[in-house]
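Participant: Encoded as structure tokens, here's the structure I'll be asking about.
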Amino acid sequence: MSDTATSGRAAVAVRPAGVRRGRRGRPVDWKAVGAFTLLTAPMVLGLGLFKYVAIGWSFLLSFSDARGTVDLGSWIGLDNYTFLLKDEAFRSSMTGIILFTIFIVPVTFGMSLGLAMLLNGLRRGRAFFRTSFLIPAAVSYVVAALIWKMSLFNGLPSGVANTIGGLFGWDVQSWIASTDPPLYWIVIITVRLWLQVGLYMILFLAGLQAIPAHLYEAASLDGASRWEQFRHITLPMLRNTSVAILMLILIAAFQAFDEFYNVFITATGNSTAPVRPPLVFLYDTALKGQDYGVGSAGAFLLTLLIILVTLLQGRLVGFGRKD
Amino acid sequence: MRKTTRRTPVTVLTYLVVGVAAVLFLAPFYFMLRAALMTGMQITDPNWHWLPDPFSLQGFLDVFDDPSVPMAGALGNSFIIAIVTAPVSTLLGSMAGYALARIAVPGRGVVMSFIVVTLMIPTSATFVPTFVLVSAMGGVNTQWGVIAPGLFNAFSVLLFRNFYLKFPQEIEEAGRLDGLGHLGVYWRLVLPNSAALLASLGTLSFIESWNAFLWPLVIGQDPESWTAQIALSTFLTSQTINLPALFAGAVVTILPLIAVFLFAQRYIVQGIAATGMKD
């Protein structure tokens with residue numbers, strides 16, 4: 001208790017008073033400048049190189065004819081961009097990832113919130129169940145894709161999904177290779193759910209535990225049902241958590257690479273995959289095909305899409321928040 | 001609190017749902033282990049076997065004995081990369097975060113903005129450019145090429161800055177009285193008092209680095225520079241797959257992380273709770 005009180009006071013005392021006004025009049029404290037520079041320099045130089053220089057260079061490449069080279073010089077204007085926007089493969093990778101996002105975002109959100117609420121209501125065994133749901137989060141997408149592809153949905157009669165289906169008398173399905181109906185979506189979606197639900201569940205649990213219990217007590221004294229309590233206490237109190245989590249799931253979904261690459265890959269690469277999300281497309285174009293101009297242009301188009309969707313989602317979710 | 005009469009059936013139902021969900025979440029581990037301990041014949045047998053009969057460790061021998069997929073070397077590479085990335089990236093984040101929170105100098109706001117702006121750039125926008133840059137610097141097929149771009153994490157700077165803003169001032173004042181400068185205070189007093197956050201973010205960074213796929217794939221083009229994830233992924237595309245060896249490879253790859261997870265779960269949970277609240 002006294003700890004938080006002191007630290008709160010300290011923060012107030014140190015920051016606003018010390019920084020601005022004092023500096024103007026007094027001579028610069030060179031010892032402080034030296035220490036500040038030493039402590040921040042590695043981070044500033046590293047980010048400067050690997051973010052600013054890299055992105056600047058790539059931005060210039062996106063206006064260059066850069067096949068098999070990363071040298072600048074042969075400017076071709078917007079040709080890389082118009083090429084991509086006309087390219088059937090790039091367009092279908094964009095629609096594919098939008099479809100994927102529309103599926104994965106609400107399902108991940110709903111399952112994590114649902115599990116968090118169930119866990120929060122448990123008296124005993126909460127730690128055990130929390131571990132069970134979180135432990136897949138430590139598994140890599142490669143290993144998960146491997147289990148999904150070679151065991152759960154391997155398309156053989158010995159596969160787990162087909163064995164279970166057999167109990168109900170269903171036919172053996174090829175799952176990953178099945179395009180009509182597109183059963184491969186079940187494979188792709190469940191991989192990501194298995195790996196991610198536990199993470200977001202932890203965030204929701206933290207949010208739920210921050211809701212004061214007396215709100216629920218007062219509500220149930222007033223005769224509010226469980227649904228009413230959820231609707232009028234839980235959801236509004238989780239607003240910030242929910243917005244943050246939605247954003248995280250969304251941005252991660254647009255950048256999906258690992259599971260698509262590993263689930264669909266064959267000895268000949270990814271060319272036969274029914275869906276090639278943008279990052280796989282960019283990998284094939286820039287790294288395999290060595291066309292760094294088109295690859296860079298594609299990276300910027302995807303970034304633009306992510307920023308647009310994030311802003312749009314911010315508007316939709318934030319709608320009616322003020323007043 | 002609430003009436004016990006209403007509580008019981010709801011509680012039973014809750015345990016039932018949570019229990020079924022837990023079985024579903026843990027089942028893939030069982031299927032992986034089961035296949036790793038079977039023979040290839042048993043794995044593809046259409047008649048279901050719950051347990052391997054006989055138990056076979058051949059897969060674990062075969063996975064280290066495949067000339068086209070150097071699994072042992074790949075595990076070593078992954079270990080070196082993760083064991084360097086986790087402490088260094090966490091320390092760099094803490095250093096910058098401390099300076100931004102506690103050392104008032106002119107231009108501090110500019111440095112802060114320079115760092116925070118990079119948070120808005122998604123990874124998808126950086127992997128082609130970063131490859132362009134790192135390959136120009138000769139980093140393809142090297143371990144530093146895999147490690148270097150991952151050391152600079154603006155988000156960890158932000159988390160440490162928020163942590164140090166609330167850091168008790170008394171500790172720093174005591175250090176000053178003992179004649180320590182800014183760096184001395186940071187190194188001797190502040191850093192040891194940040195152990196919990198360092199451990200949380202370091203553990204997460206270790207897991208992330210061990211599991212990373214896209215960047216090591218881009219950089220590691222020679223088999224000698226593969227990480228465990230790349231080796232496994234390559235294994236998955238071989239013409240004739242030795243199934244028990246493949247699953248044994250998966251087991252060996254996740255074993256270190258399960259160990260980290262079980263010993264450091266507290267830090268992982270704290271780390272996720274801290275990092276999730278970024279926006």
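To be explicit about the labels: the chains of the structure tokens are called A, B, and onward in the order shown, and within each one the residues are counted from 1, while ligands get numbers from 1 in the order they are shown.
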Counting only C-alpha atoms, a student should be able to say which residues of chain A come within 6 Å of chain B; what is the right answer, written as a ChimeraX atom specification?

Facilitator: /A:7,10-11,19,33,36,39-40,43,46,54-55,58,132,140,143,157-158,203,244,266-267,299,303

Participant: Please provide as a PyMOL selection string all residues within 9 Å of A:Gly207, with the sequence filter that same-chain residues fewer than 3 positions apart are discarded (counting only C-alpha atoms).

Facilitator: chain A and resi 202-204+210-211+237-238+240-242

Participant: Take the residues from that selection and write them out as a short mmCIF file (atom, residue, chain, number, x, y, z; two decimals), in the first residue's frame, keeping C-alpha atoms.

Facilitator:
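Everything below was put into part-v6.cif:
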data_model
loop_
_atom_site.label_atom_id
_atom_site.label_comp_id
_atom_site.auth_asym_id
_atom_site.auth_seq_id
_atom_site.Cartn_x
_atom_site.Cartn_y
_atom_site.Cartn_z
CA ILE A 202 -4.66 -14.64 -20.05
CA LEU A 203 -5.26 -11.03 -21.10
CA PHE A 204 -9.02 -11.35 -20.60
CA ALA A 210 -9.63 -5.99 -12.36
CA ILE A 211 -13.44 -5.60 -12.24
CA MET A 237 -15.61 -2.91 -17.95
CA LEU A 238 -13.63 -4.98 -20.46
CA ASN A 240 -10.19 -1.32 -23.25
CA THR A 241 -8.98 -4.90 -22.93
CA SER A 242 -11.29 -5.96 -25.76
#

Participant: Pick out the residues sitting within 8 Å of A:Ser64, and hand them over as a list in words; count only C-alpha atoms, and ignore anything fewer than 6 positions along from it in its own chain.

Facilitator: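 In the requested form, the answer reads Leu72, Gly73, Ser74, Trp75, Ile76, Gly77, Asn80 and Gly293 of chain A.
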
Participant: Using only C-alpha atoms for the distances, tell me which of A:Ser220, A:Ser93, A:Thr234, A:Gln196 is nearest to A:Val280.

Facilitator: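 Under the stated criterion, the closest residue is A:Ser93.
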
Participant: I need the residues of stretch 22-172 of chain B that end up classed as helix (DSSP H, G or I) by DSSP on the backbone, written out as a PyMOL selection string.

Facilitator: chain B and resi 22-36+40-43+58-62+71-102+108-120+123-136+143-151+154-165+169-172

Participant: By how many Å are atom CA of A:Ile188 and atom CA of A:Leu119 apart?

Facilitator: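 We find that atom CA of A:Ile188 and atom CA of A:Leu119 lie 26.5 Å from each other.
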
Participant: Nearest to B:Leu158: which of B:Leu189, B:Val20, B:Val116, B:Leu37 is it, counting only C-alpha atoms?

Facilitator: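 Closest to B:Leu158, using only C-alpha atoms: B:Val116.
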
Participant: Running DSSP on the backbone, which parts of stretch 36-251 of chain A land in strand (DSSP E or B), as a list in words?

Facilitator: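 Selection result, strand (DSSP E or B) within stretch 36-251 of chain A: Ser64, Arg67, Trp75, Thr179 and Pro182 of chain A.
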
Participant: Would you kindly return, as a JSON list (two decimals) with N, CA and C atoms, in the first residue's frame, each protein, DNA or RNA residue with an atom no farther than 7 Å from any atom of stretch 225-231 of chain A, considering only C-alpha atoms and excluding same-chain residues fewer than 4 positions away?

Facilitator:
[["chain", "number", "residue", "atom", "x", "y", "z"],
["A", 216, "TYR", "N", -20.82, -6.61, -9.07],
["A", 216, "TYR", "CA", -21.67, -7.78, -9.26],
["A", 216, "TYR", "C", -22.59, -7.99, -8.06],
["A", 219, "ALA", "N", -25.40, -5.64, -8.26],
["A", 219, "ALA", "CA", -26.31, -6.00, -9.34],
["A", 219, "ALA", "C", -27.18, -7.18, -8.97],
["A", 235, "LEU", "N", -18.99, -6.60, -19.98],
["A", 235, "LEU", "CA", -18.59, -6.08, -21.29],
["A", 235, "LEU", "C", -18.10, -4.63, -21.23]]

Participant: Do you have the atom CA of A:Leu60-atom CA of A:Ala297 distance handy?

Facilitator: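 Separation of atom CA of A:Leu60 and atom CA of A:Ala297: 9.4 Å.
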
Participant: For A:Trp194, please output as a list in words all residues within 10 Å (counting only C-alpha atoms; exclusion window: fewer than 2 positions along the same chain).

Facilitator: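 Once the adjacent positions are removed, what remains is Thr108, Phe133, Leu134, Ile135, Pro136, Ala137, Val139, Tyr141, Ala144, Ile189, Thr190, Val191, Arg192, Gln196, Val197 and Gly198 of chain A; Leu24, Phe25, Leu26 and Pro28 of chain B.
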
Participant: Write a file of the selected residues as a tab-separated table (two decimals), in the first residue's frame, keeping N, CA and C atoms.

Facilitator:
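Produced file part20.tsv, reproduced below:
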chain	number	residue	atom	x	y	z
A	108	THR	N	-11.49	-16.42	-32.40
A	108	THR	CA	-10.44	-16.33	-31.37
A	108	THR	C	-10.92	-15.48	-30.20
A	133	PHE	N	-4.56	-24.54	-21.03
A	133	PHE	CA	-4.91	-23.72	-22.20
A	133	PHE	C	-3.73	-22.89	-22.69
A	134	LEU	N	-2.82	-22.57	-21.79
A	134	LEU	CA	-1.72	-21.68	-22.17
A	134	LEU	C	-0.54	-22.44	-22.77
A	135	ILE	N	-0.38	-23.71	-22.39
A	135	ILE	CA	0.83	-24.43	-22.80
A	135	ILE	C	0.99	-24.53	-24.32
A	136	PRO	N	-0.10	-24.66	-25.11
A	136	PRO	CA	0.12	-24.66	-26.56
A	136	PRO	C	0.75	-23.36	-27.07
A	137	ALA	N	0.60	-22.27	-26.34
A	137	ALA	CA	1.17	-21.00	-26.78
A	137	ALA	C	2.70	-21.06	-26.84
A	139	VAL	N	4.25	-23.55	-28.16
A	139	VAL	CA	4.60	-24.41	-29.30
A	139	VAL	C	4.74	-23.53	-30.55
A	141	TYR	N	4.57	-22.58	-34.62
A	141	TYR	CA	3.65	-22.86	-35.71
A	141	TYR	C	4.13	-24.04	-36.54
A	144	ALA	N	3.14	-27.18	-34.67
A	144	ALA	CA	1.68	-27.33	-34.72
A	144	ALA	C	1.23	-27.74	-36.12
A	189	ILE	N	-7.57	-22.80	-39.63
A	189	ILE	CA	-8.15	-22.02	-38.53
A	189	ILE	C	-7.84	-22.68	-37.17
A	190	THR	N	-7.95	-24.02	-37.11
A	190	THR	CA	-7.76	-24.66	-35.81
A	190	THR	C	-6.31	-24.62	-35.35
A	191	VAL	N	-5.36	-24.62	-36.28
A	191	VAL	CA	-3.95	-24.49	-35.87
A	191	VAL	C	-3.78	-23.20	-35.08
A	192	ARG	N	-4.26	-22.10	-35.66
A	192	ARG	CA	-4.05	-20.80	-35.03
A	192	ARG	C	-4.81	-20.69	-33.72
A	196	GLN	N	-3.15	-19.68	-30.12
A	196	GLN	CA	-3.34	-18.29	-29.68
A	196	GLN	C	-4.38	-18.09	-28.59
A	197	VAL	N	-5.38	-18.97	-28.52
A	197	VAL	CA	-6.48	-18.72	-27.58
A	197	VAL	C	-5.97	-18.54	-26.14
A	198	GLY	N	-4.99	-19.35	-25.74
A	198	GLY	CA	-4.48	-19.26	-24.36
A	198	GLY	C	-3.90	-17.90	-24.04
B	24	LEU	N	-9.21	-31.20	-25.20
B	24	LEU	CA	-8.96	-30.83	-26.59
B	24	LEU	C	-7.62	-30.10	-26.75
B	25	PHE	N	-7.31	-29.21	-25.80
B	25	PHE	CA	-6.06	-28.44	-25.90
B	25	PHE	C	-4.84	-29.31	-25.65
B	26	LEU	N	-4.99	-30.35	-24.82
B	26	LEU	CA	-3.83	-31.18	-24.52
B	26	LEU	C	-3.68	-32.35	-25.49
B	28	PRO	N	-3.38	-32.71	-28.80
B	28	PRO	CA	-2.33	-32.74	-29.82
B	28	PRO	C	-0.97	-33.18	-29.28
